[in-house]
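A.B. asks: The file below is start_31.cif, mmCIF, C-alpha atoms and all ligand atoms:
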```
data_start
#
loop_
_atom_site.label_atom_id
_atom_site.label_comp_id
_atom_site.auth_asym_id
_atom_site.auth_seq_id
_atom_site.Cartn_x
_atom_site.Cartn_y
_atom_site.Cartn_z
CA MET A 164 -69.48 -123.48 -54.56
CA GLY A 165 -67.35 -120.87 -52.76
CA ASN A 166 -67.30 -118.44 -55.70
CA ALA A 167 -71.06 -118.38 -56.29
CA PHE A 168 -71.75 -118.07 -52.54
CA PHE A 169 -69.19 -115.25 -52.30
CA ALA A 170 -70.67 -113.42 -55.31
CA GLU A 171 -74.19 -113.74 -53.88
CA THR A 172 -73.02 -112.31 -50.55
CA VAL A 173 -71.14 -109.42 -52.18
CA ASP A 174 -74.31 -108.65 -54.15
CA ARG A 175 -76.39 -108.53 -50.95
CA TYR A 176 -73.88 -106.19 -49.35
CA ALA A 177 -73.98 -103.92 -52.39
CA LYS A 178 -77.78 -103.81 -52.34
CA TYR A 179 -78.56 -103.69 -48.64
CA ILE A 180 -75.61 -102.48 -46.59
CA LEU A 181 -74.44 -98.87 -46.62
CA PRO A 182 -71.07 -98.75 -48.36
CA THR A 183 -69.13 -97.30 -45.42
CA TYR A 184 -66.67 -100.22 -45.47
CA ALA A 185 -64.70 -101.94 -48.23
CA PRO A 186 -64.50 -105.60 -47.17
CA GLN A 187 -62.10 -107.94 -48.99
CA THR A 188 -62.32 -111.64 -48.25
CA MET A 189 -65.32 -113.42 -46.72
CA PHE A 190 -64.90 -115.69 -43.73
CA VAL A 191 -67.44 -118.21 -42.56
CA LYS A 192 -65.76 -119.78 -39.54
CA GLY A 193 -63.15 -119.00 -36.94
CA GLN A 194 -61.26 -121.28 -34.59
CA GLY A 195 -58.44 -120.10 -32.36
CA VAL A 196 -55.94 -118.09 -34.40
CA TYR A 197 -57.40 -119.32 -37.70
CA LEU A 198 -60.18 -118.13 -40.01
CA PHE A 199 -61.75 -120.15 -42.81
CA ASP A 200 -63.37 -119.04 -46.07
CA ALA A 201 -66.30 -120.76 -47.83
CA ASP A 202 -63.91 -123.09 -49.65
CA GLY A 203 -62.38 -124.25 -46.38
CA ARG A 204 -59.16 -122.32 -47.08
CA ARG A 205 -57.41 -121.57 -43.78
CA TYR A 206 -55.97 -118.17 -42.88
CA LEU A 207 -53.73 -117.25 -39.97
CA ASP A 208 -55.35 -114.27 -38.28
CA PHE A 209 -52.92 -111.50 -37.25
CA ALA A 210 -55.73 -108.96 -36.93
CA SER A 211 -58.04 -110.45 -34.25
CA GLY A 212 -61.02 -108.52 -35.67
CA ILE A 213 -59.04 -105.32 -34.95
CA SER A 214 -57.93 -106.33 -31.45
CA VAL A 215 -61.32 -107.75 -30.46
CA CYS A 216 -60.83 -111.52 -30.50
CA ASN A 217 -57.73 -111.38 -28.32
CA LEU A 218 -58.40 -114.94 -27.12
CA GLY A 219 -58.81 -116.08 -30.72
CA HIS A 220 -62.05 -117.08 -32.39
CA CYS A 221 -64.73 -119.01 -30.50
CA HIS A 222 -62.56 -119.71 -27.47
CA PRO A 223 -64.27 -122.74 -25.83
CA ARG A 224 -64.47 -121.10 -22.38
CA VAL A 225 -66.01 -117.91 -23.76
CA THR A 226 -68.38 -119.86 -26.01
CA ALA A 227 -69.50 -122.02 -23.08
CA ALA A 228 -70.09 -118.93 -20.90
CA ILE A 229 -72.13 -117.26 -23.65
CA GLN A 230 -74.20 -120.41 -24.23
CA LYS A 231 -74.90 -120.86 -20.52
CA GLN A 232 -75.85 -117.23 -19.93
CA ALA A 233 -77.93 -117.06 -23.14
CA ALA A 234 -80.07 -119.86 -21.76
CA GLU A 235 -80.48 -118.14 -18.37
CA LEU A 236 -80.83 -114.36 -18.75
CA VAL A 237 -79.69 -112.18 -21.64
CA HIS A 238 -80.92 -108.68 -20.72
CA ILE A 239 -83.11 -107.02 -18.12
CA SER A 240 -81.98 -103.33 -18.28
CA ASN A 241 -80.05 -101.47 -15.63
CA LEU A 242 -83.26 -100.77 -13.71
CA TYR A 243 -82.76 -104.12 -11.97
CA TYR A 244 -79.85 -105.87 -10.27
CA ASN A 245 -78.30 -108.90 -11.93
CA PRO A 246 -75.65 -111.06 -10.27
CA VAL A 247 -73.19 -111.26 -13.19
CA THR A 248 -72.25 -107.64 -14.01
CA PRO A 249 -70.97 -106.67 -10.53
CA ARG A 250 -68.80 -109.82 -10.49
CA LEU A 251 -67.16 -108.61 -13.67
CA ALA A 252 -66.73 -105.09 -12.25
CA GLU A 253 -65.13 -106.52 -9.11
CA THR A 254 -62.77 -108.71 -11.17
CA LEU A 255 -61.64 -105.71 -13.23
CA ILE A 256 -61.28 -103.33 -10.29
CA LYS A 257 -59.26 -105.86 -8.29
CA GLN A 258 -56.75 -105.87 -11.13
CA CYS A 259 -56.23 -102.10 -11.32
CA PHE A 260 -57.13 -99.54 -8.64
CA ASP A 261 -59.89 -98.75 -6.22
CA GLY A 262 -62.75 -97.23 -8.18
CA ALA A 263 -65.92 -98.07 -10.10
CA VAL A 264 -66.96 -99.16 -13.57
CA PHE A 265 -69.57 -97.88 -16.04
CA PHE A 266 -70.44 -100.39 -18.75
CA ALA A 267 -71.30 -99.41 -22.33
CA ASN A 268 -71.22 -101.15 -25.71
CA SER A 269 -68.40 -99.80 -27.84
CA GLY A 270 -65.18 -97.86 -27.76
CA ALA A 271 -66.78 -94.64 -28.94
CA GLU A 272 -69.50 -94.93 -26.31
CA ALA A 273 -66.92 -95.63 -23.60
CA ASN A 274 -64.96 -92.54 -24.67
CA GLU A 275 -68.13 -90.43 -24.77
CA GLY A 276 -68.59 -91.49 -21.16
CA ILE A 277 -65.13 -90.39 -20.04
CA ILE A 278 -65.54 -87.10 -21.93
CA LYS A 279 -68.84 -86.49 -20.10
CA LEU A 280 -67.17 -87.39 -16.80
CA ALA A 281 -64.32 -84.91 -17.38
CA ARG A 282 -66.74 -82.14 -18.39
CA LYS A 283 -69.04 -82.74 -15.45
CA TYR A 284 -66.08 -82.71 -13.07
CA GLY A 285 -64.52 -79.63 -14.70
CA ASN A 286 -67.74 -77.65 -14.97
CA ARG A 287 -67.90 -77.55 -11.16
CA THR A 288 -65.00 -75.08 -11.41
CA GLY A 289 -65.81 -73.51 -14.80
CA ARG A 290 -63.57 -75.79 -16.89
CA ASN A 291 -64.72 -77.93 -19.81
CA GLU A 292 -61.94 -78.20 -22.40
CA ILE A 293 -60.16 -81.46 -23.17
CA ILE A 294 -56.74 -81.74 -24.78
CA THR A 295 -56.14 -84.78 -27.00
CA MET A 296 -53.28 -85.89 -29.24
CA GLU A 297 -52.54 -85.51 -32.93
CA ASN A 298 -52.95 -88.82 -34.82
CA SER A 299 -55.12 -90.20 -32.02
CA PHE A 300 -58.30 -92.13 -32.69
CA HIS A 301 -61.19 -92.11 -30.24
CA GLY A 302 -64.26 -93.13 -32.27
CA ARG A 303 -66.87 -92.05 -34.80
CA THR A 304 -69.54 -90.34 -32.72
CA LEU A 305 -69.52 -86.55 -32.92
CA ALA A 306 -67.74 -85.90 -29.61
CA THR A 307 -65.19 -88.69 -30.08
CA LEU A 308 -64.56 -87.42 -33.63
CA ALA A 309 -63.85 -83.97 -32.17
CA ALA A 310 -61.43 -85.66 -29.77
CA THR A 311 -59.78 -87.65 -32.58
CA GLY A 312 -56.56 -86.06 -33.81
CA ARG A 313 -57.08 -86.79 -37.50
CA ALA A 314 -59.08 -84.08 -39.23
CA LYS A 315 -59.93 -86.27 -42.23
CA TYR A 316 -62.48 -88.24 -40.20
CA ARG A 317 -64.37 -85.02 -39.33
CA LYS A 318 -64.56 -83.77 -42.91
CA GLY A 319 -68.13 -83.26 -44.04
CA PHE A 320 -69.59 -83.64 -40.56
CA GLU A 321 -69.13 -80.03 -39.48
CA PRO A 322 -69.80 -78.24 -37.23
CA ASP A 323 -67.32 -79.90 -34.85
CA VAL A 324 -68.30 -80.45 -31.24
CA GLN A 325 -66.57 -77.70 -29.26
CA GLY A 326 -64.21 -78.03 -26.34
CA PHE A 327 -61.33 -80.08 -27.82
CA LYS A 328 -57.88 -79.22 -29.02
CA GLN A 329 -55.03 -81.39 -30.22
CA VAL A 330 -51.31 -81.23 -29.53
CA PRO A 331 -48.43 -83.37 -30.86
CA TYR A 332 -48.13 -86.76 -29.11
CA ASN A 333 -45.11 -87.37 -26.90
CA ASP A 334 -44.35 -83.62 -26.80
CA PHE A 335 -44.70 -82.46 -23.20
CA GLU A 336 -43.78 -78.80 -23.82
CA ALA A 337 -46.52 -78.50 -26.48
CA LEU A 338 -49.02 -80.06 -24.09
CA LYS A 339 -48.04 -77.82 -21.20
CA ALA A 340 -48.32 -74.74 -23.40
CA ALA A 341 -51.83 -75.78 -24.48
CA VAL A 342 -53.19 -76.12 -20.92
CA THR A 343 -55.36 -73.17 -19.85
CA ASP A 344 -57.61 -72.40 -16.89
CA LYS A 345 -60.38 -74.05 -18.95
CA THR A 346 -58.66 -77.45 -19.23
CA CYS A 347 -60.47 -80.26 -17.40
CA GLY A 348 -58.97 -83.33 -19.08
CA ILE A 349 -56.01 -84.68 -21.04
CA MET A 350 -56.80 -87.77 -23.08
CA LEU A 351 -54.35 -90.14 -24.78
CA GLU A 352 -53.67 -93.69 -25.90
CA ILE A 353 -50.72 -95.41 -24.19
CA VAL A 354 -49.98 -96.94 -27.60
CA GLN A 355 -51.62 -95.10 -30.50
CA GLY A 356 -53.35 -97.74 -32.62
CA GLU A 357 -55.00 -96.29 -35.71
CA GLY A 358 -52.35 -93.55 -35.72
CA GLY A 359 -49.60 -96.09 -36.49
CA ILE A 360 -48.68 -98.25 -33.43
CA LEU A 361 -46.85 -95.50 -31.59
CA PRO A 362 -46.08 -96.09 -27.90
CA ALA A 363 -46.03 -93.16 -25.48
CA ASP A 364 -42.69 -92.29 -23.98
CA HIS A 365 -42.56 -93.24 -20.28
CA GLU A 366 -40.91 -90.02 -19.15
CA TYR A 367 -43.55 -88.08 -21.09
CA LEU A 368 -46.34 -89.98 -19.32
CA ARG A 369 -44.76 -89.30 -15.95
CA LYS A 370 -44.70 -85.56 -16.71
CA VAL A 371 -48.32 -85.61 -17.96
CA ARG A 372 -49.35 -87.31 -14.72
CA ALA A 373 -47.55 -84.67 -12.63
CA LEU A 374 -49.11 -81.84 -14.65
CA CYS A 375 -52.60 -83.32 -14.18
CA ASP A 376 -51.99 -83.62 -10.43
CA GLU A 377 -50.72 -80.06 -10.18
CA LYS A 378 -53.65 -78.53 -12.12
CA ASP A 379 -56.45 -80.86 -10.98
CA ILE A 380 -56.90 -82.11 -14.56
CA LEU A 381 -58.26 -85.59 -15.26
CA MET A 382 -55.70 -87.89 -16.89
CA MET A 383 -57.80 -89.97 -19.29
CA CYS A 384 -56.48 -93.02 -21.13
CA ASP A 385 -58.18 -94.59 -24.14
CA GLU A 386 -57.46 -98.31 -23.69
CA VAL A 387 -59.94 -99.42 -26.36
CA GLN A 388 -57.31 -100.89 -28.68
CA CYS A 389 -54.20 -101.21 -26.51
CA GLY A 390 -55.99 -102.61 -23.44
CA MET A 391 -57.16 -106.11 -22.47
CA GLY A 392 -53.79 -107.79 -22.57
CA ARG A 393 -52.82 -106.57 -26.02
CA THR A 394 -49.52 -105.04 -24.89
CA GLY A 395 -48.64 -107.72 -22.30
CA THR A 396 -50.34 -106.19 -19.24
CA LEU A 397 -54.10 -106.29 -18.70
CA PHE A 398 -54.28 -102.53 -19.19
CA ALA A 399 -51.56 -100.82 -21.21
CA TRP A 400 -51.00 -98.14 -18.54
CA GLN A 401 -49.90 -100.94 -16.18
CA GLY A 402 -46.79 -101.32 -18.32
CA THR A 403 -45.81 -97.73 -17.44
CA SER A 404 -45.21 -95.93 -14.16
CA ILE A 405 -48.46 -93.92 -14.21
CA GLU A 406 -52.06 -94.53 -13.20
CA PRO A 407 -54.74 -92.61 -15.08
CA ASP A 408 -57.74 -91.10 -13.26
CA VAL A 409 -60.08 -92.78 -15.71
CA PHE A 410 -59.68 -95.09 -18.67
CA SER A 411 -61.95 -96.48 -21.35
CA MET A 412 -62.03 -100.05 -22.64
CA ALA A 413 -64.02 -101.97 -25.28
CA LYS A 414 -62.98 -104.22 -28.19
CA ALA A 415 -61.52 -107.35 -26.49
CA LEU A 416 -63.40 -106.90 -23.21
CA ALA A 417 -65.89 -109.67 -24.13
CA ASN A 418 -63.88 -111.18 -27.03
CA GLY A 419 -66.46 -110.22 -29.68
CA ILE A 420 -69.70 -109.76 -27.78
CA PRO A 421 -70.12 -105.95 -27.97
CA MET A 422 -69.07 -104.40 -24.69
CA GLY A 423 -67.30 -101.22 -23.64
CA GLY A 424 -66.92 -99.28 -20.46
CA PHE A 425 -64.70 -97.16 -18.31
CA ILE A 426 -63.08 -97.41 -14.90
CA VAL A 427 -62.78 -94.32 -12.75
CA LYS A 428 -60.79 -93.82 -9.56
CA ARG A 429 -62.70 -93.70 -6.26
CA LYS A 430 -61.89 -89.97 -5.92
CA PHE A 431 -64.14 -89.26 -8.94
CA THR A 432 -66.96 -91.76 -8.41
CA ASP A 433 -69.29 -89.02 -7.13
CA VAL A 434 -69.24 -87.14 -10.46
CA LEU A 435 -71.67 -89.26 -12.52
CA THR A 436 -74.62 -89.82 -10.21
CA ALA A 437 -78.03 -91.47 -10.73
CA GLY A 438 -79.72 -90.19 -13.87
CA THR A 439 -76.66 -88.37 -15.27
CA HIS A 440 -75.49 -91.10 -17.64
CA ALA A 441 -76.98 -94.34 -18.95
CA SER A 442 -76.98 -96.96 -21.68
CA THR A 443 -79.76 -99.48 -22.36
CA PHE A 444 -77.45 -102.31 -23.32
CA GLY A 445 -74.57 -101.30 -21.02
CA GLY A 446 -73.34 -104.35 -19.12
CA THR A 447 -75.94 -106.96 -20.00
CA PRO A 448 -75.69 -110.30 -18.16
CA LEU A 449 -74.77 -111.90 -21.52
CA ALA A 450 -71.85 -109.56 -22.30
CA SER A 451 -70.74 -109.64 -18.65
CA ALA A 452 -70.65 -113.45 -18.60
CA ALA A 453 -68.52 -113.46 -21.76
CA ALA A 454 -66.18 -110.83 -20.28
CA LEU A 455 -65.86 -112.77 -17.02
CA ALA A 456 -64.84 -115.84 -19.00
CA VAL A 457 -62.27 -113.69 -20.81
CA GLN A 458 -60.76 -112.55 -17.50
CA GLU A 459 -60.65 -116.09 -16.09
CA THR A 460 -59.03 -117.39 -19.26
CA ILE A 461 -56.37 -114.66 -19.34
CA ARG A 462 -55.51 -115.55 -15.73
CA ASP A 463 -55.67 -119.37 -15.98
CA GLU A 464 -53.86 -119.66 -19.31
CA HIS A 465 -51.16 -117.10 -18.35
CA LEU A 466 -51.94 -115.12 -21.48
CA LEU A 467 -50.28 -111.87 -20.41
CA GLU A 468 -46.97 -113.70 -20.03
CA ASN A 469 -47.57 -115.40 -23.37
CA CYS A 470 -48.32 -112.06 -25.03
CA ARG A 471 -45.05 -110.60 -23.75
CA GLU A 472 -43.07 -113.68 -24.80
CA GLN A 473 -44.54 -114.10 -28.29
CA GLY A 474 -44.55 -110.33 -28.82
CA ALA A 475 -40.82 -110.07 -28.08
CA TYR A 476 -40.15 -113.08 -30.32
CA LEU A 477 -42.19 -111.69 -33.21
CA MET A 478 -40.69 -108.22 -32.91
CA GLU A 479 -37.12 -109.53 -32.81
CA ASN A 480 -37.67 -111.78 -35.82
CA LEU A 481 -39.61 -109.16 -37.76
CA ARG A 482 -36.62 -106.84 -37.33
CA ARG A 483 -34.39 -109.61 -38.65
CA ILE A 484 -36.49 -110.50 -41.70
CA THR A 485 -37.22 -106.91 -42.68
CA ALA A 486 -33.60 -105.77 -42.28
CA GLY A 487 -32.69 -106.23 -45.96
CA TYR A 488 -35.57 -104.11 -47.30
CA ASP A 489 -34.85 -100.40 -47.52
CA PHE A 490 -38.57 -99.55 -47.78
CA VAL A 491 -39.05 -100.84 -44.20
CA LYS A 492 -38.21 -97.99 -41.82
CA CYS A 493 -38.60 -99.80 -38.49
CA VAL A 494 -40.57 -102.33 -36.44
CA ARG A 495 -42.18 -100.91 -33.29
CA GLY A 496 -44.85 -101.62 -30.72
CA LYS A 497 -45.43 -103.44 -27.47
CA GLY A 498 -46.51 -107.01 -26.70
CA LEU A 499 -48.62 -108.25 -29.59
CA MET A 500 -49.42 -104.74 -30.85
CA ILE A 501 -46.83 -104.45 -33.59
CA GLY A 502 -46.27 -102.07 -36.48
CA VAL A 503 -43.96 -102.59 -39.44
CA VAL A 504 -43.37 -99.03 -40.61
CA LEU A 505 -42.89 -98.58 -44.37
CA ASP A 506 -41.86 -95.50 -46.34
CA HIS A 507 -45.06 -95.74 -48.42
CA PRO A 508 -48.69 -96.92 -47.93
CA ALA A 509 -48.89 -100.42 -46.45
CA GLY A 510 -52.15 -101.56 -48.09
CA ALA A 511 -50.49 -103.36 -51.03
CA LEU A 512 -48.22 -105.41 -48.74
CA SER A 513 -51.17 -106.34 -46.55
CA LYS A 514 -52.97 -107.56 -49.69
CA VAL A 515 -50.01 -109.74 -50.73
CA LEU A 516 -50.03 -111.31 -47.25
CA LEU A 517 -53.78 -111.98 -47.47
CA GLU A 518 -53.19 -113.82 -50.75
CA LYS A 519 -50.71 -115.94 -48.78
CA ASN A 520 -53.35 -116.67 -46.12
CA LEU A 521 -52.22 -114.20 -43.48
CA VAL A 522 -54.73 -111.60 -42.27
CA THR A 523 -53.12 -108.27 -41.31
CA LEU A 524 -54.18 -104.63 -40.98
CA THR A 525 -52.76 -101.23 -41.79
CA ALA A 526 -52.57 -98.14 -39.59
CA GLY A 527 -51.61 -94.54 -40.17
CA GLU A 528 -51.44 -95.43 -43.92
CA THR A 529 -47.77 -96.49 -43.98
CA VAL A 530 -47.80 -99.03 -41.14
CA LEU A 531 -48.48 -102.74 -41.50
CA ARG A 532 -50.33 -103.47 -38.26
CA LEU A 533 -50.09 -106.90 -36.63
CA LEU A 534 -52.50 -107.73 -33.79
CA PRO A 535 -52.46 -111.53 -33.40
CA PRO A 536 -54.59 -113.18 -30.72
CA ILE A 537 -52.68 -113.34 -27.43
CA ILE A 538 -53.14 -117.13 -27.37
CA LEU A 539 -50.58 -117.29 -30.21
CA THR A 540 -48.09 -120.14 -29.85
CA ARG A 541 -44.42 -120.08 -30.88
CA GLU A 542 -45.24 -122.39 -33.82
CA GLN A 543 -48.00 -120.06 -35.01
CA ALA A 544 -45.68 -117.04 -34.63
CA ASP A 545 -43.18 -118.91 -36.83
CA GLU A 546 -45.92 -119.70 -39.34
CA GLY A 547 -46.70 -115.98 -39.54
CA LEU A 548 -43.05 -115.02 -39.86
CA THR A 549 -42.56 -117.50 -42.72
CA ILE A 550 -45.51 -115.97 -44.61
CA ILE A 551 -44.30 -112.42 -43.95
CA ALA A 552 -40.79 -113.29 -45.17
CA ALA A 553 -42.19 -114.82 -48.38
CA GLY A 554 -44.67 -111.95 -48.80
CA LEU A 555 -41.96 -109.32 -48.40
CA LYS A 556 -39.78 -111.08 -50.97
CA GLN A 557 -42.60 -111.24 -53.52
CA TYR A 558 -43.67 -107.66 -52.76
CA ALA A 559 -40.13 -106.32 -53.15
CA GLU A 560 -39.72 -108.13 -56.49
CA THR A 561 -43.02 -106.78 -57.87
CA LYS A 562 -42.12 -103.33 -56.62
CA LYS A 563 -38.79 -103.51 -58.39
CA GLY A 564 -40.44 -104.69 -61.60
CA ALA A 565 -43.12 -101.97 -61.47
C1 LIG B 601 -58.13 -96.28 -29.47
C2 LIG B 601 -59.53 -96.40 -29.97
N1 LIG B 601 -60.50 -95.73 -29.36
C3 LIG B 601 -61.79 -95.82 -29.76
C4 LIG B 601 -62.15 -96.60 -30.83
C5 LIG B 601 -63.58 -96.70 -31.25
O1 LIG B 601 -64.10 -97.92 -30.88
P1 LIG B 601 -65.49 -98.43 -31.50
O2 LIG B 601 -65.26 -98.68 -32.95
O3 LIG B 601 -65.80 -99.67 -30.72
O4 LIG B 601 -66.49 -97.36 -31.27
C6 LIG B 601 -61.15 -97.34 -31.50
C7 LIG B 601 -61.50 -98.17 -32.66
O5 LIG B 601 -60.68 -98.60 -33.43
C8 LIG B 601 -59.81 -97.24 -31.06
O6 LIG B 601 -58.84 -97.91 -31.66
#
```
Can the structure from this file be put into C-alpha cells for me?
C.D. replies:
Amino acid sequence: MGNAFFAETVDRYAKYILPTYAPQTMFVKGQGVYLFDADGRRYLDFASGISVCNLGHCHPRVTAAIQKQAAELVHISNLYYNPVTPRLAETLIKQCFDGAVFFANSGAEANEGIIKLARKYGNRTGRNEIITMENSFHGRTLATLAATGRAKYRKGFEPDVQGFKQVPYNDFEALKAAVTDKTCGIMLEIVQGEGGILPADHEYLRKVRALCDEKDILMMCDEVQCGMGRTGTLFAWQGTSIEPDVFSMAKALANGIPMGGFIVKRKFTDVLTAGTHASTFGGTPLASAAALAVQETIRDEHLLENCREQGAYLMENLRRITAGYDFVKCVRGKGLMIGVVLDHPAGALSKVLLEKNLVTLTAGETVLRLLPPIILTREQADEGLTIIAAGLKQYAETKKGA
C-alpha cells in the first residue's frame, strides 16, 4: 500500500506544488526522535525538521498545550491583549537580558525585523548600512537575501536590496576595515548553519562586541538555527562571553508551530514604536502556548544539559569512527549542531544514511549536518553512531569501486 500511496502523493506534488524543493522520502508520523513512513518503517531523525523539532516530534507537553489553546483562543490579532504571549515574552527575557520581544512567524521575518530596527536606529544619525558575513544564511526574502553571504541564492532576483556588504567570517581585521561612518549594524550567526556548521571564534566575538560599543553599531545575532538549546545553551550567544544588542529566533521556538521573533536590549526598545512594525500572525496565543510549553519542557527535563552531554558524546565518537576515512576532513560544531566535513559534496553520504533509516542533512555542500532533537538519549546516540559507521563503510567501498 505504501508504494501506491507514495506515488499518488508525489504525483500531487508534481501537479500542484511549485517545484522549489526536491523532497526524498515521505513521512506520515513522528514520535520523539523517530519518523515513520507509510509502510511503518522507522527512521532515526538527526535533522529535527532542520532544527525545528528540537524536542522531537509531537512532544506530549507541546501537543497538550497546542490542543488546550486551540480549544480556547487561536488568534485575535495584535490589536487586542491576550494573556499568553506576554507570559512567553517574560519567560524568554528572564533567561537572557533586560529588553523586549517582537514576535513574527519565520526566521526570515525575524531577521527582516532586526534589519529594520538597525536601519531605524542608524538613520537617526545618517547611518543605514549593515555588514554581514560570507557564507551566512539569513533567509529568502529580498532584504534577508541581500544580507545572506552566498551570492547563488540572489541569482535571478536582481536588483539586490541596497545597504549590505559581506566580509569573511571570523576575520576581525576584514570586518574592521569594512566599517564606515554609514555602518549601523553587524550581523552574524554564532554558529553558521547553512554555511557548514562553523562556530565563531570567541576572541573574534569579543572584538566585534568592543568595536560595536566603540562605534555605536548594533551587534545583531541570527539565532534562527543555532538558538533554542541547539548548541547547549538556550541562546547560542550565551555559550560565549558576549551579549548582542538584538538577536533573532525562529525554527525551534514553538517546536514546529510557525513562530519567529527577536529580542532587543532595553536601550533600544524605543526604536520601533507603535505603527512602525507589525505582523498579523506575530505571536498568536496558539504559537505562544506551544512556545511556553517548549520553554517549560527544556527547563523541567534539563534538556540543555542533555544537549551538551549527548553532543560531546556524539562528537567524540564521530571523530573516532571517521578517523580511518581520508575523505573526512574533520568533525566540528557545538552541542547537537554537528558537521562532518568531507572533501567532496556530502549529498551522496546523506542518501546512503537515509537508506539505512537515519535522516541527516547537508550544509555548505561538503558538510554532513547532524541536528538531532535535544531529547536524544545515549542509546539513541549510539543507534545513530552505529548507522553512521555502517553507512561510512558502505559509502567508502562504493566510492572505491566507482
Ligand atoms: C541562520 C538562519 N537564519 C534565517 C533562516 C531563515 O529562516 P526561515 O526559513 O524560517 O525564514 C534560516 C533557515 O534555515 C537560518 O538557518
A.B. asks: Which residues of range 428-540 of chain A come within 7 Å of range 549-557 of chain A, and for each one, what is the closest pair of atoms and their distance in Å to one decimal, counting all atoms listed in the file, sorted by chain and residue number, as CSV?
C.D. replies:
```
residue,atom,partner,partner_atom,distance
A:Ile484,CA,A:Ala552,CA,6.2
A:Val515,CA,A:Gly554,CA,6.1
A:Leu516,CA,A:Gly554,CA,5.6
A:Lys519,CA,A:Ile550,CA,6.7
```
A.B. asks: Dump as a PyMOL selection string all residues having an atom at most 7 Å from (-78.1, -102.4, -20.7), computed in the file's coordinates with all atoms listed in the file.
C.D. replies: chain A and resi 238+240-241+442-447
A.B. asks: Within 8 Å of ligand LIG 601 (chain B), counting all atoms listed in the file, which protein or nucleic acid residues do you find, written as a PyMOL selection string?
C.D. replies: chain A and resi 213+268-274+299-304+307+352+355-357+385-389+413-414+423
A.B. asks: Could you check which residues have any atom within 12 Å of (-45.5, -104.4, -37.4), counting all atoms listed in the file with coordinates taken straight from the file, and then list them as a short mmCIF file (atom, residue, chain, number, x, y, z; two decimals) with C-alpha atoms, keeping the file's coordinate frame?
C.D. replies:
```cif
data_model
loop_
_atom_site.label_atom_id
_atom_site.label_comp_id
_atom_site.auth_asym_id
_atom_site.auth_seq_id
_atom_site.Cartn_x
_atom_site.Cartn_y
_atom_site.Cartn_z
CA PHE A 209 -52.92 -111.50 -37.25
CA ALA A 210 -55.73 -108.96 -36.93
CA GLY A 356 -53.35 -97.74 -32.62
CA GLY A 359 -49.60 -96.09 -36.49
CA ILE A 360 -48.68 -98.25 -33.43
CA LEU A 361 -46.85 -95.50 -31.59
CA GLY A 474 -44.55 -110.33 -28.82
CA ALA A 475 -40.82 -110.07 -28.08
CA LEU A 477 -42.19 -111.69 -33.21
CA MET A 478 -40.69 -108.22 -32.91
CA GLU A 479 -37.12 -109.53 -32.81
CA ASN A 480 -37.67 -111.78 -35.82
CA LEU A 481 -39.61 -109.16 -37.76
CA ARG A 482 -36.62 -106.84 -37.33
CA ILE A 484 -36.49 -110.50 -41.70
CA THR A 485 -37.22 -106.91 -42.68
CA VAL A 491 -39.05 -100.84 -44.20
CA LYS A 492 -38.21 -97.99 -41.82
CA CYS A 493 -38.60 -99.80 -38.49
CA VAL A 494 -40.57 -102.33 -36.44
CA ARG A 495 -42.18 -100.91 -33.29
CA GLY A 496 -44.85 -101.62 -30.72
CA LYS A 497 -45.43 -103.44 -27.47
CA GLY A 498 -46.51 -107.01 -26.70
CA LEU A 499 -48.62 -108.25 -29.59
CA MET A 500 -49.42 -104.74 -30.85
CA ILE A 501 -46.83 -104.45 -33.59
CA GLY A 502 -46.27 -102.07 -36.48
CA VAL A 503 -43.96 -102.59 -39.44
CA VAL A 504 -43.37 -99.03 -40.61
CA LEU A 505 -42.89 -98.58 -44.37
CA ALA A 509 -48.89 -100.42 -46.45
CA LEU A 512 -48.22 -105.41 -48.74
CA SER A 513 -51.17 -106.34 -46.55
CA THR A 523 -53.12 -108.27 -41.31
CA LEU A 524 -54.18 -104.63 -40.98
CA THR A 525 -52.76 -101.23 -41.79
CA ALA A 526 -52.57 -98.14 -39.59
CA GLY A 527 -51.61 -94.54 -40.17
CA THR A 529 -47.77 -96.49 -43.98
CA VAL A 530 -47.80 -99.03 -41.14
CA LEU A 531 -48.48 -102.74 -41.50
CA ARG A 532 -50.33 -103.47 -38.26
CA LEU A 533 -50.09 -106.90 -36.63
CA LEU A 534 -52.50 -107.73 -33.79
CA PRO A 535 -52.46 -111.53 -33.40
CA GLY A 547 -46.70 -115.98 -39.54
CA LEU A 548 -43.05 -115.02 -39.86
CA ILE A 551 -44.30 -112.42 -43.95
#
```
A.B. asks: By how many Å are CA of Glu464 in chain A and CA of Ala233 in chain A apart?
C.D. replies: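 Going from CA of Glu464 in chain A over to CA of Ala233 in chain A, I get 24.5 Å.
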A.B. asks: Using CA of Ala511 in chain A and CA of Tyr176 in chain A as the two end points, give the distance in Å to one decimal.
C.D. replies: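 Value for the CA of Ala511 in chain A-CA of Tyr176 in chain A distance: 23.6 Å.
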A.B. asks: Leu467 in chain A: which residues within 8 Å, counting only C-alpha atoms, same-chain residues fewer than 5 positions away excluded, as a PDB file with C-alpha atoms, in the coordinates of the input?
C.D. replies:
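The result, written out as around-v1.pdb:
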```pdb
ATOM      1  CA  GLY A 392     -53.790-107.790 -22.570  1.00  0.00           C
ATOM      2  CA  GLY A 395     -48.640-107.720 -22.300  1.00  0.00           C
ATOM      3  CA  THR A 396     -50.340-106.190 -19.240  1.00  0.00           C
ATOM      4  CA  LEU A 397     -54.100-106.290 -18.700  1.00  0.00           C
ATOM      5  CA  ILE A 461     -56.370-114.660 -19.340  1.00  0.00           C
ATOM      6  CA  ARG A 462     -55.510-115.550 -15.730  1.00  0.00           C
ATOM      7  CA  ILE A 537     -52.680-113.340 -27.430  1.00  0.00           C
TER       8      ILE A 537
END
```
A.B. asks: For range 448-457 of chain A, find every residue with an atom within 8 Å (counting all atoms listed in the file), except residues of its own chain fewer than 6 positions away, and show them as a ChimeraX atom specification.
C.D. replies: /A:218,224-226,228-229,232-233,236-238,245-248,250-251,254,416-418,420-422
A.B. asks: Report, in Å to a single decimal, how far apart CA of Arg369 in chain A and CA of Met412 in chain A are.
C.D. replies: 21.4 Å
A.B. asks: Which residue gives the smallest distance to Pro249 in chain A among A:Val324, A:Ile405, A:Val191, A:Val264, with all atoms listed in the file counted?
C.D. replies: A:Val264
A.B. asks: Considering only C-alpha atoms, state which residue in the set A:Ala234, A:Ala486, A:Ala544, A:Leu242 is at the smallest distance from Ala441 in chain A.
C.D. replies: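 Ranking A:Ala234, A:Ala486, A:Ala544, A:Leu242 by distance to Ala441 in chain A, first place goes to A:Leu242.
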